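S.K.: So here's structure_15.pdb (PDB, C-alpha atoms and all ligand atoms).
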```
ATOM      1  CA  MET A  26     -54.457  13.520  73.411  1.00  0.00           C
ATOM      2  CA  THR A  27     -52.245  15.816  75.496  1.00  0.00           C
ATOM      3  CA  LYS A  28     -53.460  19.401  75.195  1.00  0.00           C
ATOM      4  CA  VAL A  29     -50.839  22.141  75.090  1.00  0.00           C
ATOM      5  CA  LEU A  30     -51.881  25.760  75.456  1.00  0.00           C
ATOM      6  CA  LEU A  31     -49.534  28.585  74.497  1.00  0.00           C
ATOM      7  CA  LEU A  32     -50.281  31.862  76.259  1.00  0.00           C
ATOM      8  CA  VAL A  33     -48.433  34.774  74.660  1.00  0.00           C
ATOM      9  CA  GLY A  34     -47.817  37.558  77.147  1.00  0.00           C
ATOM     10  CA  SER A  35     -46.251  40.105  74.813  1.00  0.00           C
ATOM     11  CA  PRO A  36     -48.212  43.282  74.093  1.00  0.00           C
ATOM     12  CA  ARG A  37     -46.646  43.059  70.621  1.00  0.00           C
ATOM     13  CA  GLY A  38     -48.886  40.088  69.941  1.00  0.00           C
ATOM     14  CA  ARG A  39     -48.242  38.033  66.823  1.00  0.00           C
ATOM     15  CA  ILE A  40     -45.054  39.823  65.744  1.00  0.00           C
ATOM     16  CA  SER A  41     -43.295  39.273  69.071  1.00  0.00           C
ATOM     17  CA  THR A  42     -40.348  37.069  69.937  1.00  0.00           C
ATOM     18  CA  SER A  43     -42.674  35.512  72.533  1.00  0.00           C
ATOM     19  CA  THR A  44     -45.065  34.370  69.787  1.00  0.00           C
ATOM     20  CA  ASN A  45     -42.299  33.066  67.540  1.00  0.00           C
ATOM     21  CA  VAL A  46     -40.585  31.133  70.298  1.00  0.00           C
ATOM     22  CA  GLY A  47     -43.872  29.593  71.447  1.00  0.00           C
ATOM     23  CA  ASN A  48     -45.015  28.732  67.937  1.00  0.00           C
ATOM     24  CA  TYR A  49     -41.709  27.017  67.210  1.00  0.00           C
ATOM     25  CA  ILE A  50     -42.318  24.618  70.119  1.00  0.00           C
ATOM     26  CA  LEU A  51     -45.951  24.034  69.113  1.00  0.00           C
ATOM     27  CA  ASP A  52     -44.927  23.328  65.512  1.00  0.00           C
ATOM     28  CA  THR A  53     -42.345  20.806  66.743  1.00  0.00           C
ATOM     29  CA  ILE A  54     -44.632  18.850  69.044  1.00  0.00           C
ATOM     30  CA  ARG A  55     -47.900  19.017  67.039  1.00  0.00           C
ATOM     31  CA  PRO A  56     -46.957  16.273  64.541  1.00  0.00           C
ATOM     32  CA  ASN A  57     -46.157  14.010  67.506  1.00  0.00           C
ATOM     33  CA  GLY A  58     -49.653  13.622  68.862  1.00  0.00           C
ATOM     34  CA  PHE A  59     -50.080  16.836  70.858  1.00  0.00           C
ATOM     35  CA  GLU A  60     -53.177  18.981  70.499  1.00  0.00           C
ATOM     36  CA  THR A  61     -51.968  22.581  70.461  1.00  0.00           C
ATOM     37  CA  SER A  62     -53.652  25.962  70.704  1.00  0.00           C
ATOM     38  CA  SER A  63     -52.509  29.484  71.406  1.00  0.00           C
ATOM     39  CA  LEU A  64     -53.975  32.678  72.787  1.00  0.00           C
ATOM     40  CA  ILE A  65     -52.584  36.198  72.786  1.00  0.00           C
ATOM     41  CA  ILE A  66     -53.207  37.446  76.323  1.00  0.00           C
ATOM     42  CA  ARG A  67     -53.510  41.083  75.210  1.00  0.00           C
ATOM     43  CA  ASN A  68     -56.550  40.168  73.093  1.00  0.00           C
ATOM     44  CA  GLN A  69     -58.056  37.886  75.729  1.00  0.00           C
ATOM     45  CA  LEU A  70     -58.188  40.638  78.346  1.00  0.00           C
ATOM     46  CA  SER A  71     -60.311  42.889  76.128  1.00  0.00           C
ATOM     47  CA  SER A  72     -63.717  41.674  77.409  1.00  0.00           C
ATOM     48  CA  GLU A  73     -65.286  39.403  80.029  1.00  0.00           C
ATOM     49  CA  ASP A  74     -66.198  36.908  77.284  1.00  0.00           C
ATOM     50  CA  LYS A  75     -62.603  36.747  76.108  1.00  0.00           C
ATOM     51  CA  ILE A  76     -61.374  36.322  79.681  1.00  0.00           C
ATOM     52  CA  SER A  77     -63.831  33.421  80.134  1.00  0.00           C
ATOM     53  CA  GLU A  78     -62.554  31.913  76.883  1.00  0.00           C
ATOM     54  CA  MET A  79     -58.966  32.066  78.205  1.00  0.00           C
ATOM     55  CA  VAL A  80     -59.962  30.626  81.586  1.00  0.00           C
ATOM     56  CA  LYS A  81     -61.724  27.749  79.808  1.00  0.00           C
ATOM     57  CA  ALA A  82     -58.670  27.080  77.624  1.00  0.00           C
ATOM     58  CA  ILE A  83     -56.447  27.005  80.732  1.00  0.00           C
ATOM     59  CA  ASP A  84     -58.917  24.663  82.401  1.00  0.00           C
ATOM     60  CA  LEU A  85     -58.787  22.245  79.451  1.00  0.00           C
ATOM     61  CA  ALA A  86     -55.019  22.295  78.980  1.00  0.00           C
ATOM     62  CA  ASP A  87     -52.619  19.647  80.307  1.00  0.00           C
ATOM     63  CA  ILE A  88     -49.571  21.788  79.645  1.00  0.00           C
ATOM     64  CA  ILE A  89     -49.386  25.592  79.724  1.00  0.00           C
ATOM     65  CA  ILE A  90     -46.517  27.359  77.988  1.00  0.00           C
ATOM     66  CA  LEU A  91     -46.393  31.032  78.914  1.00  0.00           C
ATOM     67  CA  THR A  92     -44.090  33.145  76.764  1.00  0.00           C
ATOM     68  CA  ALA A  93     -43.490  36.795  77.614  1.00  0.00           C
ATOM     69  CA  PRO A  94     -40.983  39.627  77.462  1.00  0.00           C
ATOM     70  CA  LEU A  95     -39.266  41.099  80.512  1.00  0.00           C
ATOM     71  CA  PHE A  96     -40.589  44.559  81.363  1.00  0.00           C
ATOM     72  CA  ASP A  97     -38.716  46.499  84.026  1.00  0.00           C
ATOM     73  CA  ASP A  98     -37.215  43.310  85.472  1.00  0.00           C
ATOM     74  CA  CYS A  99     -40.682  41.843  85.849  1.00  0.00           C
ATOM     75  CA  GLN A 100     -43.712  40.390  84.037  1.00  0.00           C
ATOM     76  CA  PRO A 101     -45.697  42.726  81.743  1.00  0.00           C
ATOM     77  CA  TYR A 102     -48.945  43.971  83.288  1.00  0.00           C
ATOM     78  CA  ILE A 103     -51.092  41.714  81.109  1.00  0.00           C
ATOM     79  CA  VAL A 104     -49.258  38.638  82.418  1.00  0.00           C
ATOM     80  CA  ILE A 105     -49.631  39.786  86.028  1.00  0.00           C
ATOM     81  CA  LYS A 106     -53.334  40.392  85.366  1.00  0.00           C
ATOM     82  CA  THR A 107     -53.681  36.858  83.995  1.00  0.00           C
ATOM     83  CA  MET A 108     -51.940  35.395  87.041  1.00  0.00           C
ATOM     84  CA  GLU A 109     -54.311  37.396  89.265  1.00  0.00           C
ATOM     85  CA  ILE A 110     -57.347  36.127  87.338  1.00  0.00           C
ATOM     86  CA  ILE A 111     -56.183  32.521  87.717  1.00  0.00           C
ATOM     87  CA  PHE A 112     -55.606  33.054  91.449  1.00  0.00           C
ATOM     88  CA  GLU A 113     -58.872  34.879  92.076  1.00  0.00           C
ATOM     89  CA  LYS A 114     -60.934  32.275  90.236  1.00  0.00           C
ATOM     90  CA  LYS A 115     -59.378  29.563  92.457  1.00  0.00           C
ATOM     91  CA  MET A 116     -58.830  27.391  89.385  1.00  0.00           C
ATOM     92  CA  GLN A 117     -58.064  23.702  89.893  1.00  0.00           C
ATOM     93  CA  LEU A 118     -54.657  23.446  88.229  1.00  0.00           C
ATOM     94  CA  GLU A 119     -53.100  20.437  89.959  1.00  0.00           C
ATOM     95  CA  GLY A 120     -51.455  18.087  87.467  1.00  0.00           C
ATOM     96  CA  LYS A 121     -51.039  20.737  84.789  1.00  0.00           C
ATOM     97  CA  LYS A 122     -47.479  21.444  83.716  1.00  0.00           C
ATOM     98  CA  PHE A 123     -46.336  25.057  83.601  1.00  0.00           C
ATOM     99  CA  ILE A 124     -43.478  26.293  81.403  1.00  0.00           C
ATOM    100  CA  PRO A 125     -42.595  29.979  81.561  1.00  0.00           C
ATOM    101  CA  ILE A 126     -40.338  31.188  78.758  1.00  0.00           C
ATOM    102  CA  MET A 127     -39.162  34.747  78.982  1.00  0.00           C
ATOM    103  CA  ASN A 128     -37.018  36.914  76.743  1.00  0.00           C
ATOM    104  CA  CYS A 129     -35.459  40.306  77.336  1.00  0.00           C
ATOM    105  CA  GLY A 130     -33.642  43.096  75.545  1.00  0.00           C
ATOM    106  CA  PHE A 131     -30.326  42.981  77.363  1.00  0.00           C
ATOM    107  CA  PRO A 132     -28.030  40.078  76.507  1.00  0.00           C
ATOM    108  CA  GLU A 133     -27.786  38.714  80.080  1.00  0.00           C
ATOM    109  CA  PRO A 134     -30.465  36.147  80.903  1.00  0.00           C
ATOM    110  CA  ASN A 135     -29.953  36.760  84.621  1.00  0.00           C
ATOM    111  CA  GLN A 136     -31.945  39.962  84.078  1.00  0.00           C
ATOM    112  CA  ILE A 137     -34.857  37.499  83.895  1.00  0.00           C
ATOM    113  CA  THR A 138     -33.865  34.920  86.485  1.00  0.00           C
ATOM    114  CA  ALA A 139     -33.176  37.509  89.206  1.00  0.00           C
ATOM    115  CA  VAL A 140     -36.804  38.399  89.850  1.00  0.00           C
ATOM    116  CA  ALA A 141     -39.275  37.355  87.148  1.00  0.00           C
ATOM    117  CA  ILE A 142     -38.644  33.593  87.219  1.00  0.00           C
ATOM    118  CA  PRO A 143     -38.934  33.456  91.040  1.00  0.00           C
ATOM    119  CA  ILE A 144     -42.271  35.304  90.654  1.00  0.00           C
ATOM    120  CA  TYR A 145     -43.463  32.609  88.210  1.00  0.00           C
ATOM    121  CA  ARG A 146     -42.283  29.921  90.610  1.00  0.00           C
ATOM    122  CA  LYS A 147     -44.153  31.475  93.519  1.00  0.00           C
ATOM    123  CA  PHE A 148     -47.236  31.781  91.308  1.00  0.00           C
ATOM    124  CA  ALA A 149     -47.030  28.121  90.255  1.00  0.00           C
ATOM    125  CA  GLU A 150     -46.658  26.979  93.869  1.00  0.00           C
ATOM    126  CA  THR A 151     -49.548  29.177  94.983  1.00  0.00           C
ATOM    127  CA  VAL A 152     -52.060  28.008  92.366  1.00  0.00           C
ATOM    128  CA  GLY A 153     -50.929  24.357  92.227  1.00  0.00           C
ATOM    129  CA  LEU A 154     -49.280  24.220  88.795  1.00  0.00           C
ATOM    130  CA  ASP A 155     -46.473  21.665  88.269  1.00  0.00           C
ATOM    131  CA  TRP A 156     -43.157  23.369  87.541  1.00  0.00           C
ATOM    132  CA  PHE A 157     -41.839  21.867  84.308  1.00  0.00           C
ATOM    133  CA  GLY A 158     -38.782  24.134  84.093  1.00  0.00           C
ATOM    134  CA  SER A 159     -38.153  27.563  82.630  1.00  0.00           C
ATOM    135  CA  LEU A 160     -36.173  29.269  79.908  1.00  0.00           C
ATOM    136  CA  ALA A 161     -34.683  32.760  80.246  1.00  0.00           C
ATOM    137  CA  ILE A 162     -33.566  34.105  76.866  1.00  0.00           C
ATOM    138  CA  GLY A 163     -31.162  37.037  76.968  1.00  0.00           C
ATOM    139  CA  GLY A 164     -31.137  39.300  73.911  1.00  0.00           C
ATOM    140  CA  GLY A 165     -34.535  38.187  72.583  1.00  0.00           C
ATOM    141  CA  GLN A 166     -35.118  41.615  71.060  1.00  0.00           C
ATOM    142  CA  MET A 167     -32.449  40.759  68.485  1.00  0.00           C
ATOM    143  CA  PHE A 168     -34.669  38.024  67.029  1.00  0.00           C
ATOM    144  CA  HIS A 169     -37.612  40.389  66.819  1.00  0.00           C
ATOM    145  CA  ASN A 170     -35.533  42.875  64.830  1.00  0.00           C
ATOM    146  CA  MET A 171     -34.162  40.205  62.490  1.00  0.00           C
ATOM    147  CA  GLN A 172     -37.545  38.582  61.894  1.00  0.00           C
ATOM    148  CA  LYS A 173     -39.298  41.899  61.370  1.00  0.00           C
ATOM    149  CA  ASP A 174     -36.725  42.985  58.803  1.00  0.00           C
ATOM    150  CA  SER A 175     -36.482  39.685  56.940  1.00  0.00           C
ATOM    151  CA  GLY A 176     -39.947  38.181  57.398  1.00  0.00           C
ATOM    152  CA  LYS A 177     -38.185  34.892  58.175  1.00  0.00           C
ATOM    153  CA  LYS A 178     -39.197  32.261  60.703  1.00  0.00           C
ATOM    154  CA  LEU A 179     -36.886  31.469  63.634  1.00  0.00           C
ATOM    155  CA  ASP A 180     -35.535  28.351  61.937  1.00  0.00           C
ATOM    156  CA  GLU A 181     -34.755  30.329  58.775  1.00  0.00           C
ATOM    157  CA  LEU A 182     -32.442  32.837  60.498  1.00  0.00           C
ATOM    158  CA  GLY A 183     -29.379  30.629  60.245  1.00  0.00           C
ATOM    159  CA  LYS A 184     -26.480  30.284  62.654  1.00  0.00           C
ATOM    160  CA  VAL A 185     -27.461  33.201  64.858  1.00  0.00           C
ATOM    161  CA  ALA A 186     -30.551  31.340  66.079  1.00  0.00           C
ATOM    162  CA  ASN A 187     -28.852  27.974  66.618  1.00  0.00           C
ATOM    163  CA  LEU A 188     -28.498  28.207  70.405  1.00  0.00           C
ATOM    164  CA  LEU A 189     -32.076  29.379  70.785  1.00  0.00           C
ATOM    165  CA  LEU A 190     -33.418  26.583  68.583  1.00  0.00           C
ATOM    166  CA  GLU A 191     -31.327  24.067  70.509  1.00  0.00           C
ATOM    167  CA  ALA A 192     -32.915  25.198  73.791  1.00  0.00           C
ATOM    168  CA  LEU A 193     -36.417  25.135  72.282  1.00  0.00           C
ATOM    169  CA  ASN A 194     -35.799  21.663  70.840  1.00  0.00           C
ATOM    170  CA  GLN A 195     -34.759  20.485  74.301  1.00  0.00           C
ATOM    171  CA  ILE A 196     -38.081  21.727  75.674  1.00  0.00           C
ATOM    172  CA  SER A 197     -39.952  19.926  72.882  1.00  0.00           C
ATOM    173  CA  ASP A 198     -37.945  16.731  73.529  1.00  0.00           C
ATOM    174  CA  ALA A 199     -38.750  16.894  77.243  1.00  0.00           C
ATOM    175  CA  LEU A 200     -42.441  17.317  76.418  1.00  0.00           C
ATOM    176  CA  LEU A 201     -42.360  14.437  73.957  1.00  0.00           C
ATOM    177  CA  SER A 202     -40.680  12.116  76.456  1.00  0.00           C
ATOM    178  CA  ASN A 203     -42.894  13.337  79.320  1.00  0.00           C
ATOM    179  CA  GLU A 204     -39.906  14.425  81.362  1.00  0.00           C
ATOM    180  CA  ASN A 205     -39.314  17.689  83.136  1.00  0.00           C
ATOM    181  CA  TYR A 206     -36.993  20.325  81.659  1.00  0.00           C
ATOM    182  CA  GLN A 207     -34.542  22.357  83.737  1.00  0.00           C
ATOM    183  CA  ASP A 208     -34.283  26.047  84.585  1.00  0.00           C
ATOM    184  CA  ILE A 209     -32.069  27.370  81.817  1.00  0.00           C
ATOM    185  CA  GLU A 210     -30.411  30.758  81.339  1.00  0.00           C
ATOM    186  CA  LEU A 211     -29.671  31.131  77.647  1.00  0.00           C
ATOM    187  CA  LYS A 212     -26.864  33.383  76.469  1.00  0.00           C
ATOM    188  CA  ILE A 213     -27.335  33.744  72.757  1.00  0.00           C
ATOM    189  CA  LEU A 214     -24.305  35.937  72.059  1.00  0.00           C
ATOM    190  CA  PRO A 215     -20.620  34.927  71.986  1.00  0.00           C
ATOM    191  CA  ASP A 216     -18.878  35.124  75.405  1.00  0.00           C
ATOM    192  CA  PHE A 217     -17.065  38.424  74.790  1.00  0.00           C
ATOM    193  CA  TRP A 218     -20.416  40.221  74.805  1.00  0.00           C
ATOM    194  CA  TYR A 219     -20.734  39.412  78.496  1.00  0.00           C
ATOM    195  CA  THR A 220     -17.376  40.902  79.525  1.00  0.00           C
ATOM    196  CA  ARG A 221     -17.226  44.020  81.695  1.00  0.00           C
ATOM    197  CA  ILE A 222     -15.852  46.196  78.875  1.00  0.00           C
ATOM    198  CA  MET A 223     -18.628  45.174  76.483  1.00  0.00           C
ATOM    199  CA  LYS A 224     -21.235  45.863  79.172  1.00  0.00           C
ATOM    200  CA  ARG A 225     -19.852  49.396  79.481  1.00  0.00           C
ATOM    201  CA  ILE A 226     -19.838  49.937  75.735  1.00  0.00           C
ATOM    202  CA  VAL A 227     -23.387  48.615  75.309  1.00  0.00           C
ATOM    203  CA  THR A 228     -24.640  50.740  78.236  1.00  0.00           C
ATOM    204  CA  TRP A 229     -22.938  53.804  76.744  1.00  0.00           C
ATOM    205  CA  MET A 230     -24.480  53.121  73.321  1.00  0.00           C
ATOM    206  CA  ASN A 231     -27.901  52.460  74.816  1.00  0.00           C
ATOM    207  CA  ASN A 232     -27.784  55.711  76.747  1.00  0.00           C
ATOM    208  CA  ILE A 233     -27.038  57.596  73.534  1.00  0.00           C
ATOM    209  CA  GLY A 234     -29.936  55.816  71.811  1.00  0.00           C
ATOM    210  CA  TRP A 235     -32.381  56.552  74.621  1.00  0.00           C
ATOM    211  CA  LYS A 236     -31.312  60.195  74.813  1.00  0.00           C
ATOM    212  CA  ARG A 237     -31.863  60.560  71.053  1.00  0.00           C
ATOM    213  CA  MET A 238     -35.276  58.977  71.343  1.00  0.00           C
ATOM    214  CA  VAL A 239     -36.240  61.322  74.179  1.00  0.00           C
ATOM    215  CA  GLU A 240     -35.085  64.348  72.135  1.00  0.00           C
ATOM    216  CA  LYS A 241     -36.970  63.110  69.059  1.00  0.00           C
ATOM    217  CA  LYS A 242     -40.163  62.885  71.071  1.00  0.00           C
ATOM    218  CA  GLY A 243     -39.594  66.381  72.464  1.00  0.00           C
ATOM    219  CA  ALA A 244     -39.435  65.047  76.027  1.00  0.00           C
ATOM    220  CA  GLN A 245     -37.062  65.971  78.808  1.00  0.00           C
ATOM    221  CA  MET A 246     -34.428  63.438  79.835  1.00  0.00           C
ATOM    222  CA  ASP A 247     -34.170  64.510  83.471  1.00  0.00           C
ATOM    223  CA  ALA A 248     -37.865  65.242  83.960  1.00  0.00           C
ATOM    224  CA  LYS A 249     -39.137  64.409  87.449  1.00  0.00           C
ATOM    225  CA  PRO A 250     -42.878  65.073  87.132  1.00  0.00           C
ATOM    226  CA  TYR A 251     -43.716  63.490  90.476  1.00  0.00           C
ATOM    227  CA  SER A 252     -41.052  65.273  92.498  1.00  0.00           C
ATOM    228  CA  GLN A 253     -43.118  68.450  93.070  1.00  0.00           C
TER
HETATM  229  C1  LIG B 301     -41.741  48.799  78.861  1.00  0.00           C
HETATM  230  C2  LIG B 301     -40.548  47.927  78.566  1.00  0.00           C
HETATM  231  C3  LIG B 301     -39.728  47.525  79.599  1.00  0.00           C
HETATM  232  C4  LIG B 301     -38.619  46.683  79.332  1.00  0.00           C
HETATM  233  N1  LIG B 301     -37.820  46.308  80.363  1.00  0.00           N
HETATM  234  C5  LIG B 301     -36.744  45.527  80.125  1.00  0.00           C
HETATM  235  C6  LIG B 301     -35.874  45.136  81.187  1.00  0.00           C
HETATM  236  O1  LIG B 301     -36.081  45.439  82.359  1.00  0.00           O
HETATM  237  N2  LIG B 301     -34.773  44.386  80.867  1.00  0.00           N
HETATM  238  C7  LIG B 301     -34.508  43.982  79.588  1.00  0.00           C
HETATM  239  O2  LIG B 301     -33.492  43.316  79.372  1.00  0.00           O
HETATM  240  N3  LIG B 301     -35.337  44.310  78.559  1.00  0.00           N
HETATM  241  C8  LIG B 301     -36.438  45.070  78.798  1.00  0.00           C
HETATM  242  N4  LIG B 301     -37.277  45.417  77.770  1.00  0.00           N
HETATM  243  C9  LIG B 301     -37.033  44.874  76.429  1.00  0.00           C
HETATM  244  C10 LIG B 301     -37.914  43.662  76.105  1.00  0.00           C
HETATM  245  O3  LIG B 301     -37.865  42.672  77.113  1.00  0.00           O
HETATM  246  C11 LIG B 301     -37.441  43.065  74.781  1.00  0.00           C
HETATM  247  O4  LIG B 301     -37.611  44.027  73.778  1.00  0.00           O
HETATM  248  C12 LIG B 301     -38.091  41.770  74.398  1.00  0.00           C
HETATM  249  O5  LIG B 301     -37.305  41.147  73.397  1.00  0.00           O
HETATM  250  C13 LIG B 301     -39.509  41.937  73.848  1.00  0.00           C
HETATM  251  O6  LIG B 301     -40.042  40.654  73.597  1.00  0.00           O
HETATM  252  P1  LIG B 301     -41.382  40.387  72.741  1.00  0.00           P
HETATM  253  O7  LIG B 301     -41.049  40.647  71.305  1.00  0.00           O
HETATM  254  O8  LIG B 301     -41.725  38.997  73.042  1.00  0.00           O
HETATM  255  O9  LIG B 301     -42.398  41.370  73.280  1.00  0.00           O
HETATM  256  C14 LIG B 301     -38.366  46.249  78.018  1.00  0.00           C
HETATM  257  C15 LIG B 301     -39.211  46.666  76.969  1.00  0.00           C
HETATM  258  C16 LIG B 301     -40.280  47.489  77.239  1.00  0.00           C
HETATM  259  C17 LIG B 301     -41.180  47.923  76.099  1.00  0.00           C
END
```
The structure in this file should be written as structure tokens.
Ligand SMILES: Cc1cc2nc3c(=O)[nH]c(=O)nc-3n(C[C@H](O)[C@H](O)[C@H](O)COP(=O)(O)O)c2cc1C
M.R.:
Amino acid sequence: MTKVLLLVGSPRGRISTSTNVGNYILDTIRPNGFETSSLIIRNQLSSEDKISEMVKAIDLADIIILTAPLFDDCQPYIVIKTMEIIFEKKMQLEGKKFIPIMNCGFPEPNQITAVAIPIYRKFAETVGLDWFGSLAIGGGQMFHNMQKDSGKKLDELGKVANLLLEALNQISDALLSNENYQDIELKILPDFWYTRIMKRIVTWMNNIGWKRMVEKKGAQMDAKPYSQ
């Protein structure tokens, strides 16, 4: 039976968009003869035993789905650490399929494809993983907010999640038919959100939000602690 391992690279763990997106794919393929398992990377890095458990799971898997958020245009530290562990242990990964799925806060998926996806590609080439394809989800934070507030699953959110579910179903279909996927940039919002004027408005609103947050925490917006 084909073994699929989901590695969740979000520090948010179970309540993350990364978990929900990954679980949706696992739930879709499991009834079709795939053996699925998942590990939250944050938990697996907490001890040497847990790291060994993750390494063993990677070793046993035929397909590795790695879901993670974008942090500062890059992979979160825990994902980088995992990639380093895999590299340092010189794991034999030839023949295993690798599917990175990343989501970010901003609506543009090219935030993800500019740097983070090429890093995954370089990693896959370096350690011998087969590139299955990748999915860059712009605006993934929106799903986290909606799911947290409503307690609903991705496929219960209605129209707003249609494009995301379509992309995830395509990944599941490719897995089921043993074909490779593509490298997809997913825009989940209507086109007008990606116009120059909307970008300005969103940036302006975000700046207000961040300034408020800084004030609330009693911090200083223009602090430069390392400049002295
Ligand atoms: C430390 C940090 C850095 C982030 N950096 C970016 C970024 O560079 N670009 C972006 O679009 N979103 C960024 N985000 C937003 C996350 O990518 C976004 O909230 C994502 O939906 C979280 O996914 P998760 O629920 O799977 O963890 C950042 C969030 C945090 C906490």
S.K.: Please determine, counting all atoms listed in the file, which residue among A:Leu70, A:Met116, A:Cys129, A:Ile40 has the shortest atom-to-atom distance to ligand LIG 301 (chain B).
M.R.: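 Of the candidates, the smallest distance to ligand LIG 301 (chain B) is held by A:Cys129.
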S.K.: List, as a list in words, every residue that the PyMOL selection byres (((chain A and resi 201-203) around 9) and not hetatm) selects in the file provided.
M.R.: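 That selection, the PyMOL selection byres (((chain A and resi 201-203) around 9) and not hetatm), comes back as Ile54, Asn57, Gly58, Phe59, Ile196, Ser197, Asp198, Ala199, Leu200, Glu204 and Asn205 of chain A.
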S.K.: Please, what distance in Å, to one decimal, runs between atom CA of A:Arg221 and atom CA of A:Val46?
M.R.: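 Taking atom CA of A:Arg221 and atom CA of A:Val46, their separation equals 29.0 Å.
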S.K.: Show me which residues are within 9 Å of ligand LIG 301 (chain B) counting all atoms listed in the file, and format the list as a PyMOL selection string.
M.R.: chain A and resi 33-46+92-99+101+127-134+136-137+162-170
S.K.: Evaluate the PyMOL selection byres (((chain A and resi 180) around 12) and not hetatm) here and jot the selected residues down as a PyMOL selection string.
M.R.: chain A and resi 45-46+48-50+52-53+168+171-172+176-179+181-191+193-194
S.K.: Please measure the separation of atom CA of A:Val80 and atom CA of A:Ile111, giving the value in Å to one decimal.
M.R.: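 Straight-line distance from atom CA of A:Val80 to atom CA of A:Ile111 works out to 7.4 Å.
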S.K.: Calculated over only C-alpha atoms, which of the candidates A:Asn135, A:Val140, A:Lys114, A:Met230 has the smallest distance to A:Val152?
M.R.: A:Lys114
S.K.: Set the distance at 12 Å and use all atoms listed in the file: which residues neighbour A:Ile124 once local chain neighbours fewer than 6 positions away are removed? I'd like the list as a count of residues only.
M.R.: 37
S.K.: So how far away is atom CA of A:Thr138 from atom CA of A:Ile103, in Å?
M.R.: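 Distance between the two atoms: 19.3 Å.
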S.K.: Please define a box with edges along x, y and z of the file around all atoms of stretch 127-134 of chain A given in the file, extend it by 8 Å on each side, and return its centre and edge lengths in Å to one decimal, as JSON.
M.R.:
```
{"center_x": -33.5, "center_y": 38.9, "center_z": 78.2, "size_x": 27.4, "size_y": 24.3, "size_z": 21.4}
```
S.K.: Using only C-alpha atoms, which of the listed residues (A:Ala82, A:Ala192, A:Ile226, A:Ala139) sits closest to A:Ile213?
M.R.: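 Counting only C-alpha atoms, the residue closest to A:Ile213 is A:Ala192.
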S.K.: Nearest residue to A:Glu119 out of A:Ala86, A:Ala141, A:Val104, A:Leu64, using only C-alpha atoms?
M.R.: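 Nearest candidate to A:Glu119 out of A:Ala86, A:Ala141, A:Val104, A:Leu64: A:Ala86.
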S.K.: Could you add the missing atoms to stretch 38-51 of chain A, up to N, CA and C atoms, and return them as a compact mmCIF listing (two decimals), in the coordinates of the input?
M.R.:
```txt
# COMPACT_ATOMS: atom_id res chain seq x y z
N GLY A 38 -48.02 41.08 70.58
CA GLY A 38 -48.89 40.09 69.94
C GLY A 38 -48.15 39.20 68.96
N ARG A 39 -48.74 39.04 67.77
CA ARG A 39 -48.24 38.03 66.82
C ARG A 39 -46.83 38.28 66.32
N ILE A 40 -46.38 39.55 66.32
CA ILE A 40 -45.05 39.82 65.74
C ILE A 40 -43.94 39.76 66.80
N SER A 41 -44.27 39.26 67.98
CA SER A 41 -43.30 39.27 69.07
C SER A 41 -42.36 38.06 69.05
N THR A 42 -41.24 38.22 69.71
CA THR A 42 -40.35 37.07 69.94
C THR A 42 -41.10 36.01 70.75
N SER A 43 -41.90 36.45 71.70
CA SER A 43 -42.67 35.51 72.53
C SER A 43 -43.55 34.60 71.67
N THR A 44 -44.22 35.18 70.68
CA THR A 44 -45.06 34.37 69.79
C THR A 44 -44.21 33.40 68.98
N ASN A 45 -43.12 33.91 68.42
CA ASN A 45 -42.30 33.07 67.54
C ASN A 45 -41.66 31.90 68.28
N VAL A 46 -41.21 32.18 69.48
CA VAL A 46 -40.58 31.13 70.30
C VAL A 46 -41.63 30.06 70.66
N GLY A 47 -42.80 30.53 71.08
CA GLY A 47 -43.87 29.59 71.45
C GLY A 47 -44.35 28.77 70.26
N ASN A 48 -44.54 29.45 69.13
CA ASN A 48 -45.02 28.73 67.94
C ASN A 48 -44.01 27.69 67.46
N TYR A 49 -42.73 28.00 67.63
CA TYR A 49 -41.71 27.02 67.21
C TYR A 49 -41.90 25.71 67.99
N ILE A 50 -42.12 25.84 69.30
CA ILE A 50 -42.32 24.62 70.12
C ILE A 50 -43.61 23.90 69.69
N LEU A 51 -44.68 24.66 69.51
CA LEU A 51 -45.95 24.03 69.11
C LEU A 51 -45.80 23.30 67.78
```
